[in-house]
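**Student:** Below you'll find protein_29.tsv; it's TSV, C-alpha atoms and all ligand atoms.
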```
chain	number	residue	atom	x	y	z
A	463	MET	CA	86.84	-29.18	18.01
A	464	LYS	CA	88.61	-31.36	20.60
A	465	ASP	CA	90.78	-28.80	22.43
A	466	ALA	CA	88.22	-25.96	22.29
A	467	LEU	CA	87.62	-24.01	25.50
A	468	LEU	CA	84.74	-22.13	23.89
A	469	GLU	CA	82.87	-23.10	20.77
A	470	GLY	CA	80.21	-21.32	18.73
A	471	ARG	CA	78.07	-23.53	16.51
A	472	ASN	CA	76.02	-21.93	13.74
A	473	ILE	CA	75.14	-18.89	15.82
A	474	SER	CA	72.67	-16.34	14.44
A	475	LYS	CA	71.31	-13.24	16.11
A	476	TYR	CA	68.51	-11.04	14.78
A	477	PHE	CA	67.54	-7.62	16.13
A	478	GLY	CA	64.12	-7.31	14.53
A	479	GLY	CA	64.84	-7.49	10.81
A	480	LEU	CA	68.59	-6.89	11.19
A	481	GLN	CA	70.77	-9.98	11.22
A	482	ALA	CA	73.74	-8.97	13.40
A	483	ILE	CA	75.28	-12.47	13.45
A	484	ASP	CA	74.73	-14.78	10.50
A	485	ASP	CA	75.42	-18.51	11.00
A	486	VAL	CA	78.85	-18.07	12.60
A	487	SER	CA	80.86	-21.04	13.90
A	488	PHE	CA	84.26	-20.73	15.58
A	489	ALA	CA	86.41	-22.29	18.28
A	490	ILE	CA	88.71	-20.71	20.86
A	491	ARG	CA	91.45	-23.07	22.05
A	492	LYS	CA	92.61	-23.17	25.65
A	493	GLY	CA	95.58	-20.89	26.26
A	494	GLU	CA	95.43	-18.90	23.04
A	495	ILE	CA	94.87	-15.24	22.22
A	496	PHE	CA	91.96	-15.25	19.79
A	497	SER	CA	90.94	-11.96	18.17
A	498	VAL	CA	87.73	-10.87	16.48
A	499	ILE	CA	88.13	-8.21	13.79
A	500	GLY	CA	85.85	-6.51	11.29
A	501	PRO	CA	84.41	-3.11	10.32
A	502	ASN	CA	82.08	-1.07	12.58
A	503	GLY	CA	78.77	-2.87	12.94
A	504	ALA	CA	80.22	-6.25	11.87
A	505	GLY	CA	78.75	-7.95	14.95
A	506	LYS	CA	81.85	-8.23	17.18
A	507	THR	CA	80.35	-6.82	20.40
A	508	THR	CA	77.13	-8.73	19.73
A	509	LEU	CA	79.21	-11.91	19.66
A	510	PHE	CA	80.62	-11.03	23.12
A	511	ASN	CA	77.08	-10.34	24.36
A	512	LEU	CA	76.03	-13.79	23.16
A	513	ILE	CA	79.06	-15.54	24.71
A	514	THR	CA	78.48	-13.87	28.10
A	515	ALA	CA	74.70	-14.50	27.85
A	516	PHE	CA	73.88	-10.78	28.02
A	517	LEU	CA	71.82	-11.66	24.93
A	518	PRO	CA	70.34	-15.00	23.83
A	519	PRO	CA	71.19	-16.23	20.32
A	520	THR	CA	68.27	-16.49	17.88
A	521	SER	CA	69.64	-19.88	16.86
A	522	GLY	CA	72.79	-21.94	17.31
A	523	GLU	CA	74.72	-23.02	20.37
A	524	ILE	CA	77.62	-21.78	22.49
A	525	LEU	CA	79.62	-24.36	24.43
A	526	LEU	CA	82.12	-23.82	27.23
A	527	LYS	CA	84.31	-26.88	27.84
A	528	GLY	CA	81.75	-28.91	25.90
A	529	LYS	CA	78.74	-27.72	27.96
A	530	ILE	CA	76.03	-25.63	26.36
A	531	ILE	CA	75.96	-22.18	28.00
A	532	SER	CA	73.60	-20.34	25.65
A	533	GLY	CA	70.33	-19.88	27.54
A	534	LEU	CA	71.99	-19.50	30.95
A	535	LYS	CA	71.81	-16.27	32.95
A	536	PRO	CA	74.86	-13.93	32.68
A	537	TYR	CA	75.84	-14.45	36.35
A	538	LYS	CA	75.94	-18.22	35.79
A	539	VAL	CA	78.30	-17.80	32.83
A	540	ALA	CA	80.43	-15.43	34.95
A	541	ARG	CA	80.60	-18.10	37.67
A	542	MET	CA	81.87	-20.52	35.04
A	543	SER	CA	85.02	-18.36	34.87
A	544	VAL	CA	84.18	-16.10	31.95
A	545	ALA	CA	84.96	-12.39	32.53
A	546	ARG	CA	84.70	-9.44	30.17
A	547	THR	CA	85.49	-5.79	29.70
A	548	PHE	CA	83.15	-3.40	27.89
A	549	GLN	CA	83.78	-1.29	24.79
A	550	LEU	CA	83.12	1.86	26.83
A	551	THR	CA	85.35	1.57	29.87
A	552	THR	CA	83.29	0.79	32.96
A	553	LEU	CA	85.01	1.45	36.28
A	554	PHE	CA	83.89	2.46	39.74
A	555	GLU	CA	84.97	6.01	38.95
A	556	LYS	CA	84.67	7.52	42.40
A	557	ASN	CA	86.66	4.70	43.99
A	558	THR	CA	90.43	4.28	44.07
A	559	VAL	CA	92.38	1.80	41.94
A	560	LEU	CA	92.77	-0.49	44.97
A	561	GLU	CA	89.06	-0.37	45.81
A	562	ASN	CA	88.21	-1.19	42.18
A	563	LEU	CA	90.51	-4.19	42.30
A	564	MET	CA	88.93	-5.36	45.55
A	565	MET	CA	85.45	-5.14	44.05
A	566	GLY	CA	86.56	-7.10	40.99
A	567	GLN	CA	87.47	-10.14	43.04
A	568	THR	CA	85.17	-13.11	43.25
A	569	ALA	CA	85.88	-13.47	46.97
A	570	THR	CA	84.06	-10.22	47.62
A	571	ARG	CA	81.12	-11.12	45.41
A	572	GLU	CA	80.77	-14.60	46.86
A	573	MET	CA	80.77	-13.50	50.47
A	574	GLY	CA	77.47	-14.75	51.92
A	575	ILE	CA	74.80	-12.24	52.84
A	576	TRP	CA	74.97	-13.13	56.57
A	577	GLN	CA	78.71	-12.69	56.63
A	578	ALA	CA	78.44	-9.36	54.89
A	579	LEU	CA	75.80	-8.21	57.37
A	580	PHE	CA	77.19	-9.53	60.63
A	581	GLY	CA	80.88	-9.62	59.83
A	582	GLY	CA	82.96	-11.68	62.23
A	583	ARG	CA	86.43	-13.12	61.92
A	584	ARG	CA	85.89	-14.77	58.57
A	585	LYS	CA	84.84	-11.45	57.06
A	586	SER	CA	87.93	-9.62	58.26
A	587	GLU	CA	90.17	-12.50	57.06
A	588	MET	CA	88.56	-12.27	53.65
A	589	GLU	CA	88.98	-8.51	53.55
A	590	THR	CA	92.66	-8.81	54.42
A	591	LYS	CA	93.18	-11.37	51.65
A	592	THR	CA	91.20	-9.30	49.16
A	593	LEU	CA	93.23	-6.20	49.99
A	594	GLU	CA	96.50	-8.14	49.69
A	595	ARG	CA	95.52	-9.43	46.28
A	596	ALA	CA	94.41	-5.96	45.18
A	597	HIS	CA	97.94	-4.71	45.96
A	598	GLN	CA	99.43	-7.59	43.94
A	599	LEU	CA	97.06	-6.90	41.06
A	600	ALA	CA	97.91	-3.18	41.02
A	601	GLU	CA	101.59	-4.09	40.72
A	602	PHE	CA	100.88	-6.67	38.00
A	603	LEU	CA	98.90	-4.07	36.06
A	604	GLY	CA	101.66	-1.48	36.34
A	605	LEU	CA	99.41	0.77	38.43
A	606	ASP	CA	101.46	0.64	41.61
A	607	LYS	CA	101.93	4.39	41.84
A	608	GLU	CA	98.25	5.06	41.12
A	609	LYS	CA	96.88	2.68	43.80
A	610	ASN	CA	95.20	5.45	45.77
A	611	THR	CA	94.09	7.53	42.80
A	612	GLN	CA	90.38	7.76	41.97
A	613	ALA	CA	89.73	5.63	38.89
A	614	GLY	CA	87.85	8.43	37.13
A	615	LEU	CA	90.89	10.69	37.38
A	616	LEU	CA	93.31	8.28	35.67
A	617	PRO	CA	94.47	8.97	32.10
A	618	GLN	CA	92.76	6.89	29.37
A	619	ARG	CA	95.57	4.32	29.07
A	620	ALA	CA	95.60	3.67	32.83
A	621	GLN	CA	91.79	3.38	32.83
A	622	LYS	CA	92.11	0.71	30.13
A	623	GLN	CA	94.73	-1.13	32.23
A	624	LEU	CA	92.43	-0.97	35.24
A	625	SER	CA	89.36	-2.18	33.35
A	626	ILE	CA	91.37	-5.20	32.16
A	627	GLY	CA	92.50	-5.66	35.78
A	628	LEU	CA	88.95	-5.45	37.09
A	629	ALA	CA	87.93	-8.38	34.87
A	630	TYR	CA	91.19	-10.27	35.55
A	631	ALA	CA	90.62	-9.86	39.31
A	632	ALA	CA	87.73	-12.33	39.05
A	633	SER	CA	90.33	-15.04	38.18
A	634	PRO	CA	88.71	-16.03	34.87
A	635	GLU	CA	89.70	-18.91	32.61
A	636	LEU	CA	88.39	-16.99	29.62
A	637	LEU	CA	88.81	-13.22	29.45
A	638	LEU	CA	86.92	-11.25	26.79
A	639	LEU	CA	88.35	-7.81	26.01
A	640	ASP	CA	86.25	-5.42	23.91
A	641	GLU	CA	88.62	-2.87	22.33
A	642	PRO	CA	91.20	-2.82	25.14
A	643	ALA	CA	93.24	-0.21	23.23
A	644	GLY	CA	90.31	2.00	22.18
A	645	GLY	CA	91.22	5.68	22.57
A	646	VAL	CA	94.82	4.86	23.52
A	647	ASN	CA	97.59	6.43	21.43
A	648	ASN	CA	99.96	4.25	19.43
A	649	GLU	CA	102.98	4.78	21.69
A	650	GLU	CA	101.00	3.47	24.65
A	651	VAL	CA	99.64	0.38	22.91
A	652	ASP	CA	102.84	-1.54	23.76
A	653	ILE	CA	101.98	-1.31	27.47
A	654	LEU	CA	98.65	-3.02	26.78
A	655	ILE	CA	100.24	-5.64	24.51
A	656	ASP	CA	102.64	-6.47	27.34
A	657	LEU	CA	99.83	-6.67	29.91
A	658	ILE	CA	97.57	-8.89	27.77
A	659	THR	CA	100.50	-11.20	26.97
A	660	ARG	CA	101.36	-11.54	30.67
A	661	ILE	CA	97.74	-12.42	31.48
A	662	ARG	CA	97.85	-15.11	28.79
A	663	ASP	CA	101.18	-16.36	30.20
A	664	ALA	CA	99.47	-16.64	33.60
A	665	GLY	CA	97.20	-19.29	32.02
A	666	VAL	CA	94.17	-17.26	30.94
A	667	THR	CA	92.63	-17.78	27.51
A	668	ILE	CA	91.95	-14.45	25.84
A	669	CYS	CA	89.44	-13.36	23.23
A	670	LEU	CA	89.80	-9.78	22.10
A	671	ILE	CA	88.07	-7.34	19.81
A	672	GLU	CA	90.32	-4.63	18.47
A	673	HIS	CA	90.61	-2.20	15.57
A	674	LYS	CA	94.30	-1.48	16.16
A	675	MET	CA	95.94	-3.94	13.78
A	676	SER	CA	99.40	-3.33	15.29
A	677	LEU	CA	98.05	-4.93	18.47
A	678	VAL	CA	95.97	-7.68	16.84
A	679	MET	CA	98.61	-8.94	14.43
A	680	ASN	CA	101.30	-8.75	17.09
A	681	ILE	CA	99.73	-10.89	19.79
A	682	SER	CA	97.01	-13.08	18.27
A	683	ASP	CA	97.44	-16.81	17.82
A	684	ARG	CA	94.32	-16.90	15.66
A	685	ILE	CA	91.79	-14.42	14.31
A	686	LEU	CA	88.11	-14.51	13.36
A	687	ALA	CA	87.12	-11.90	10.75
A	688	LEU	CA	83.48	-10.80	10.48
A	689	ASN	CA	81.63	-8.53	8.07
A	690	PHE	CA	77.88	-7.78	8.20
A	691	GLY	CA	77.58	-10.58	10.76
A	692	LYS	CA	79.12	-13.19	8.45
A	693	LYS	CA	82.33	-15.06	9.06
A	694	LEU	CA	84.91	-14.20	6.39
A	695	ALA	CA	87.88	-16.10	7.78
A	696	GLU	CA	89.29	-17.87	10.82
A	697	GLY	CA	93.00	-18.59	11.02
A	698	THR	CA	96.47	-17.37	11.93
A	699	PRO	CA	97.30	-13.66	11.44
A	700	ALA	CA	99.26	-14.57	8.28
A	701	GLU	CA	96.30	-16.52	6.86
A	702	VAL	CA	93.76	-13.81	7.67
A	703	CYS	CA	96.04	-11.08	6.23
A	704	ARG	CA	96.11	-12.90	2.90
A	705	ASN	CA	92.35	-13.52	2.71
A	706	GLU	CA	90.92	-11.62	-0.28
A	707	GLU	CA	87.55	-10.92	1.35
A	708	VAL	CA	89.14	-9.63	4.57
A	709	ILE	CA	91.42	-7.34	2.55
A	710	LYS	CA	88.49	-6.04	0.50
A	711	SER	CA	86.10	-5.42	3.38
A	712	TYR	CA	88.43	-4.36	6.17
A	713	LEU	CA	92.23	-4.41	5.97
A	714	GLY	CA	92.71	-2.70	2.59
A	715	ASP	CA	95.40	-3.44	-0.02
A	716	GLU	CA	98.01	-1.22	1.56
A	717	TYR	CA	97.90	-2.97	4.92
A	718	ALA	CA	97.79	-6.45	3.33
A	719	ALA	CA	100.89	-5.65	1.23
A	720	ALA	CA	102.81	-4.75	4.40
A	721	CYS	CA	101.91	-7.82	6.43
B	1	LIG	N1	70.78	-4.33	21.26
B	1	LIG	C1	70.70	-4.05	19.97
B	1	LIG	N2	69.52	-3.77	19.37
B	1	LIG	C2	69.43	-3.52	18.05
B	1	LIG	N3	70.48	-3.53	17.20
B	1	LIG	C3	71.68	-3.82	17.73
B	1	LIG	C4	71.87	-4.08	19.13
B	1	LIG	N4	73.19	-4.33	19.35
B	1	LIG	C5	73.79	-4.22	18.15
B	1	LIG	N5	72.91	-3.90	17.17
B	1	LIG	C6	73.21	-3.76	15.75
B	1	LIG	O1	73.88	-4.94	15.35
B	1	LIG	C7	74.95	-4.66	14.45
B	1	LIG	C8	76.25	-5.14	15.03
B	1	LIG	O2	76.61	-4.30	16.11
B	1	LIG	P1	77.88	-4.56	17.05
B	1	LIG	O3	77.81	-3.58	18.15
B	1	LIG	O4	77.94	-5.99	17.39
B	1	LIG	O5	79.07	-4.19	16.04
B	1	LIG	P2	80.64	-4.12	16.30
B	1	LIG	O6	81.27	-5.05	15.31
B	1	LIG	O7	80.95	-4.32	17.72
B	1	LIG	O8	80.99	-2.62	15.85
B	1	LIG	P3	82.05	-1.55	16.43
B	1	LIG	O9	83.38	-1.91	15.83
B	1	LIG	O10	81.54	-0.24	15.93
B	1	LIG	O11	82.03	-1.65	17.91
B	1	LIG	C9	74.90	-3.14	14.20
B	1	LIG	O12	74.15	-2.90	13.03
B	1	LIG	C10	74.19	-2.62	15.45
B	1	LIG	O13	73.52	-1.42	15.19
B	2	MG	MG	81.74	-3.16	19.20
```
As structure tokens - that is how I would like this structure written.
Ligand SMILES: Nc1ncnc2c1ncn2[C@@H]1O[C@H](COP(=O)(O)OP(=O)(O)OP(=O)(O)O)[C@@H](O)[C@H]1O
Ligand SMILES: [Mg+2]

**Tutor:**
Amino acid sequence: MKDALLEGRNISKYFGGLQAIDDVSFAIRKGEIFSVIGPNGAGKTTLFNLITAFLPPTSGEILLKGKIISGLKPYKVARMSVARTFQLTTLFEKNTVLENLMMGQTATREMGIWQALFGGRRKSEMETKTLERAHQLAEFLGLDKEKNTQAGLLPQRAQKQLSIGLAYAASPELLLLDEPAGGVNNEEVDILIDLITRIRDAGVTICLIEHKMSLVMNISDRILALNFGKKLAEGTPAEVCRNEEVIKSYLGDEYAAAC
């Protein structure tokens, strides 16, 4: 596809005899919110692990801006501006919100070993900038009041906001969110919808896995539906909602009738 930021071509992934991804092709366009849906065990997280090179595909290719990235090391893919969150929220629990947001920034990670060891003016300049941006990020995330709270002590919804922020702090072009609303109650989902939309509006392409259909159908430009590792459909929310196989294996008749 011409305007694809990320493309999967005939990807398969076996774990021993289990085929977790079965000949799946898809394309994520620059600037869109692209969601991956499907029942438990459908292969959604595995797809993220393949995209971020945490796992190699058994066959097929993944391309970022037309360049093959399957086979690279995860840190190389991360340096190509791909960031992710994990299904189980991973934060620096003992550190404050601000410290988490400092650690998430590329500037900190890219500081050379000699600079980190011997410091100097450049190091303190970088630290000042990193701290400044951490303050801005906390505000952007709606975590202004919690800046100095230990991450592990935040309520679930705020932890989800922070884990999105931690990945966003790396200034990615493509942000992969694995169940950003997992464990968050329905009244609080709107806060996450607003945050994800604002990240997209800031120019970041988003790919998200989510079981909460209120979130998925509300914000997605396009959706990929998987079942037992196979692609069932790829299209707009309206198209995917009408797809017989998606209704049968995942959405159910009741939901499909309402959408
Ligand atoms: N590292 C692994 N080794 C062996 N099997 C795995 C591994 N990772 C995933 N699987 C299996 O691959 C299949 C797809 O799992 P995956 O975690 O991708 O599903 P999912 O769609 O993310 O499900 P959920 O909605 O429950 O998170 C499952 O049968 C799972 O048990
Ligand atoms: Mg999963």

**Student:** Neighbours of ligand LIG 1 (chain B) within 12 Å, counting all atoms listed in the file, as a VMD selection string?

**Tutor:** chain A and resid 474 to 484 498 to 512 516 to 519 548 to 550 639 to 642 644 670 to 674 686 to 693 712

**Student:** Have a look at CA of Ala515 (chain A) and CA of Val678 (chain A) and let me know their distance in Å, one decimal.

**Tutor:**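 Here the two named atoms are 24.9 Å from each other.
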
**Student:** Which residue gives the smallest distance to Val702 (chain A) among A:Lys527, A:Leu628, A:Leu603, A:Ser497, with only C-alpha atoms counted?

**Tutor:**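 The answer is A:Ser497, which sits nearest to Val702 (chain A).
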
**Student:** So how far away is CA of Leu468 (chain A) from CA of Ile709 (chain A), in Å?

**Tutor:**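 Between these atoms lies a distance of 26.8 Å.
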
**Student:** List as an MDAnalysis selection string the protein and nucleic acid residues near Ala631 (chain A), meaning an atom at most 10 Å away when only C-alpha atoms are counted, but skip any in the same chain fewer than 6 places from it.

**Tutor:** chainID A and resid 545 562:569 592 595:596 599 624:625

**Student:** Report, in Å with one decimal, the straight-line distance from CA of Leu637 (chain A) to CA of Gly714 (chain A).

**Tutor:**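 Computing it gives 29.1 Å between the two atoms.
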
**Student:** So, with only C-alpha atoms and all ligand atoms as the atoms that count, which of A:Glu601, A:Ala664, A:Met588, A:Thr547 lies closest to ligand MG 2 (chain B)?

**Tutor:** A:Thr547

**Student:** At a cut-off of 9 Å, using only C-alpha atoms, what residues contact region 657-660 of chain A? Leave out same-chain residues fewer than 4 positions from it and give the result as a PDB file with C-alpha atoms, in the coordinates of the input.

**Tutor:**
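This is the output file around.pdb:
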```pdb
ATOM      1  CA  ILE A 495      94.870 -15.240  22.220  1.00  0.00           C
ATOM      2  CA  PHE A 602     100.880  -6.670  38.000  1.00  0.00           C
ATOM      3  CA  LEU A 603      98.900  -4.070  36.060  1.00  0.00           C
ATOM      4  CA  GLY A 604     101.660  -1.480  36.340  1.00  0.00           C
ATOM      5  CA  GLN A 623      94.730  -1.130  32.230  1.00  0.00           C
ATOM      6  CA  ILE A 626      91.370  -5.200  32.160  1.00  0.00           C
ATOM      7  CA  ASP A 652     102.840  -1.540  23.760  1.00  0.00           C
ATOM      8  CA  ILE A 653     101.980  -1.310  27.470  1.00  0.00           C
ATOM      9  CA  ALA A 664      99.470 -16.640  33.600  1.00  0.00           C
ATOM     10  CA  GLY A 665      97.200 -19.290  32.020  1.00  0.00           C
ATOM     11  CA  ILE A 668      91.950 -14.450  25.840  1.00  0.00           C
ATOM     12  CA  ILE A 681      99.730 -10.890  19.790  1.00  0.00           C
TER      13      ILE A 681
END
```

**Student:** Could you give me, as an MDAnalysis selection string, the residues within 7 Å of region 606-617 of chain A, counting only C-alpha atoms and dropping anything in the same chain fewer than 5 positions from it?

**Tutor:** chainID A and resid 553:560 600:601

**Student:** For region 597-632 of chain A of the block above, can you save N, CA and C atoms as an mmCIF file, in the first residue's frame?

**Tutor:**
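Output contents, as saved in part32.cif:
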```cif
data_model
loop_
_atom_site.group_PDB
_atom_site.id
_atom_site.type_symbol
_atom_site.label_atom_id
_atom_site.label_comp_id
_atom_site.auth_asym_id
_atom_site.auth_seq_id
_atom_site.Cartn_x
_atom_site.Cartn_y
_atom_site.Cartn_z
ATOM 1 N N HIS A 597 7.474 17.614 32.955
ATOM 2 C CA HIS A 597 6.390 18.449 33.494
ATOM 3 C C HIS A 597 5.302 18.657 32.431
ATOM 4 N N GLN A 598 5.755 18.962 31.188
ATOM 5 C CA GLN A 598 4.782 19.174 30.100
ATOM 6 C C GLN A 598 3.976 17.904 29.840
ATOM 7 N N LEU A 599 4.687 16.771 29.849
ATOM 8 C CA LEU A 599 4.009 15.494 29.594
ATOM 9 C C LEU A 599 2.976 15.191 30.679
ATOM 10 N N ALA A 600 3.347 15.442 31.926
ATOM 11 C CA ALA A 600 2.416 15.171 33.042
ATOM 12 C C ALA A 600 1.135 15.975 32.848
ATOM 13 N N GLU A 601 1.290 17.227 32.428
ATOM 14 C CA GLU A 601 0.121 18.078 32.181
ATOM 15 C C GLU A 601 -0.711 17.522 31.027
ATOM 16 N N PHE A 602 -0.015 17.172 29.936
ATOM 17 C CA PHE A 602 -0.678 16.621 28.745
ATOM 18 C C PHE A 602 -1.477 15.357 29.098
ATOM 19 N N LEU A 603 -0.901 14.566 29.998
ATOM 20 C CA LEU A 603 -1.547 13.296 30.366
ATOM 21 C C LEU A 603 -2.699 13.489 31.351
ATOM 22 N N GLY A 604 -2.802 14.697 31.914
ATOM 23 C CA GLY A 604 -3.813 14.931 32.947
ATOM 24 C C GLY A 604 -3.362 14.396 34.293
ATOM 25 N N LEU A 605 -2.029 14.336 34.493
ATOM 26 C CA LEU A 605 -1.501 13.816 35.754
ATOM 27 C C LEU A 605 -0.724 14.904 36.514
ATOM 28 N N ASP A 606 -1.139 16.135 36.288
ATOM 29 C CA ASP A 606 -0.458 17.273 36.891
ATOM 30 C C ASP A 606 -0.401 17.180 38.416
ATOM 31 N N LYS A 607 -1.557 16.833 38.989
ATOM 32 C CA LYS A 607 -1.638 16.800 40.464
ATOM 33 C C LYS A 607 -0.871 15.613 41.052
ATOM 34 N N GLU A 608 -0.654 14.592 40.217
ATOM 35 C CA GLU A 608 -0.008 13.364 40.717
ATOM 36 C C GLU A 608 1.494 13.326 40.414
ATOM 37 N N LYS A 609 2.054 14.432 39.934
ATOM 38 C CA LYS A 609 3.452 14.467 39.490
ATOM 39 C C LYS A 609 4.438 13.827 40.467
ATOM 40 N N ASN A 610 4.210 14.086 41.756
ATOM 41 C CA ASN A 610 5.175 13.599 42.749
ATOM 42 C C ASN A 610 4.713 12.343 43.478
ATOM 43 N N THR A 611 3.653 11.721 42.938
ATOM 44 C CA THR A 611 3.156 10.481 43.532
ATOM 45 C C THR A 611 3.929 9.297 42.953
ATOM 46 N N GLN A 612 4.194 8.304 43.811
ATOM 47 C CA GLN A 612 4.838 7.068 43.332
ATOM 48 C C GLN A 612 3.906 6.367 42.353
ATOM 49 N N ALA A 613 4.443 5.942 41.220
ATOM 50 C CA ALA A 613 3.613 5.333 40.173
ATOM 51 C C ALA A 613 2.798 4.145 40.692
ATOM 52 N N GLY A 614 3.427 3.335 41.548
ATOM 53 C CA GLY A 614 2.754 2.144 42.057
ATOM 54 C C GLY A 614 1.563 2.450 42.952
ATOM 55 N N LEU A 615 1.477 3.690 43.421
ATOM 56 C CA LEU A 615 0.379 4.057 44.321
ATOM 57 C C LEU A 615 -0.793 4.714 43.582
ATOM 58 N N LEU A 616 -0.633 4.930 42.283
ATOM 59 C CA LEU A 616 -1.713 5.563 41.506
ATOM 60 C C LEU A 616 -2.869 4.588 41.304
ATOM 61 N N PRO A 617 -4.116 5.112 41.177
ATOM 62 C CA PRO A 617 -5.217 4.211 40.824
ATOM 63 C C PRO A 617 -5.032 3.657 39.404
ATOM 64 N N GLN A 618 -5.729 2.562 39.082
ATOM 65 C CA GLN A 618 -5.537 1.850 37.821
ATOM 66 C C GLN A 618 -5.618 2.767 36.582
ATOM 67 N N ARG A 619 -6.638 3.651 36.575
ATOM 68 C CA ARG A 619 -6.820 4.512 35.403
ATOM 69 C C ARG A 619 -5.610 5.432 35.218
ATOM 70 N N ALA A 620 -5.100 5.982 36.317
ATOM 71 C CA ALA A 620 -3.940 6.877 36.230
ATOM 72 C C ALA A 620 -2.688 6.095 35.829
ATOM 73 N N GLN A 621 -2.584 4.840 36.283
ATOM 74 C CA GLN A 621 -1.446 4.005 35.858
ATOM 75 C C GLN A 621 -1.495 3.768 34.355
ATOM 76 N N LYS A 622 -2.705 3.579 33.829
ATOM 77 C CA LYS A 622 -2.861 3.379 32.379
ATOM 78 C C LYS A 622 -2.446 4.654 31.634
ATOM 79 N N GLN A 623 -2.876 5.823 32.165
ATOM 80 C CA GLN A 623 -2.489 7.096 31.536
ATOM 81 C C GLN A 623 -0.970 7.235 31.530
ATOM 82 N N LEU A 624 -0.355 6.880 32.656
ATOM 83 C CA LEU A 624 1.098 7.017 32.764
ATOM 84 C C LEU A 624 1.830 6.036 31.841
ATOM 85 N N SER A 625 1.302 4.817 31.715
ATOM 86 C CA SER A 625 2.010 3.862 30.845
ATOM 87 C C SER A 625 1.923 4.316 29.381
ATOM 88 N N ILE A 626 0.806 4.929 29.004
ATOM 89 C CA ILE A 626 0.716 5.509 27.651
ATOM 90 C C ILE A 626 1.737 6.649 27.548
ATOM 91 N N GLY A 627 1.814 7.456 28.609
ATOM 92 C CA GLY A 627 2.736 8.595 28.625
ATOM 93 C C GLY A 627 4.195 8.183 28.555
ATOM 94 N N LEU A 628 4.504 7.071 29.208
ATOM 95 C CA LEU A 628 5.876 6.557 29.217
ATOM 96 C C LEU A 628 6.311 6.202 27.787
ATOM 97 N N ALA A 629 5.424 5.582 27.042
ATOM 98 C CA ALA A 629 5.734 5.236 25.643
ATOM 99 C C ALA A 629 5.730 6.499 24.770
ATOM 100 N N TYR A 630 4.791 7.393 25.019
ATOM 101 C CA TYR A 630 4.682 8.633 24.238
ATOM 102 C C TYR A 630 5.897 9.544 24.476
ATOM 103 N N ALA A 631 6.483 9.437 25.675
ATOM 104 C CA ALA A 631 7.639 10.265 26.024
ATOM 105 C C ALA A 631 8.831 10.007 25.099
ATOM 106 N N ALA A 632 8.871 8.839 24.482
ATOM 107 C CA ALA A 632 9.972 8.515 23.563
ATOM 108 C C ALA A 632 9.791 9.168 22.188
#
```
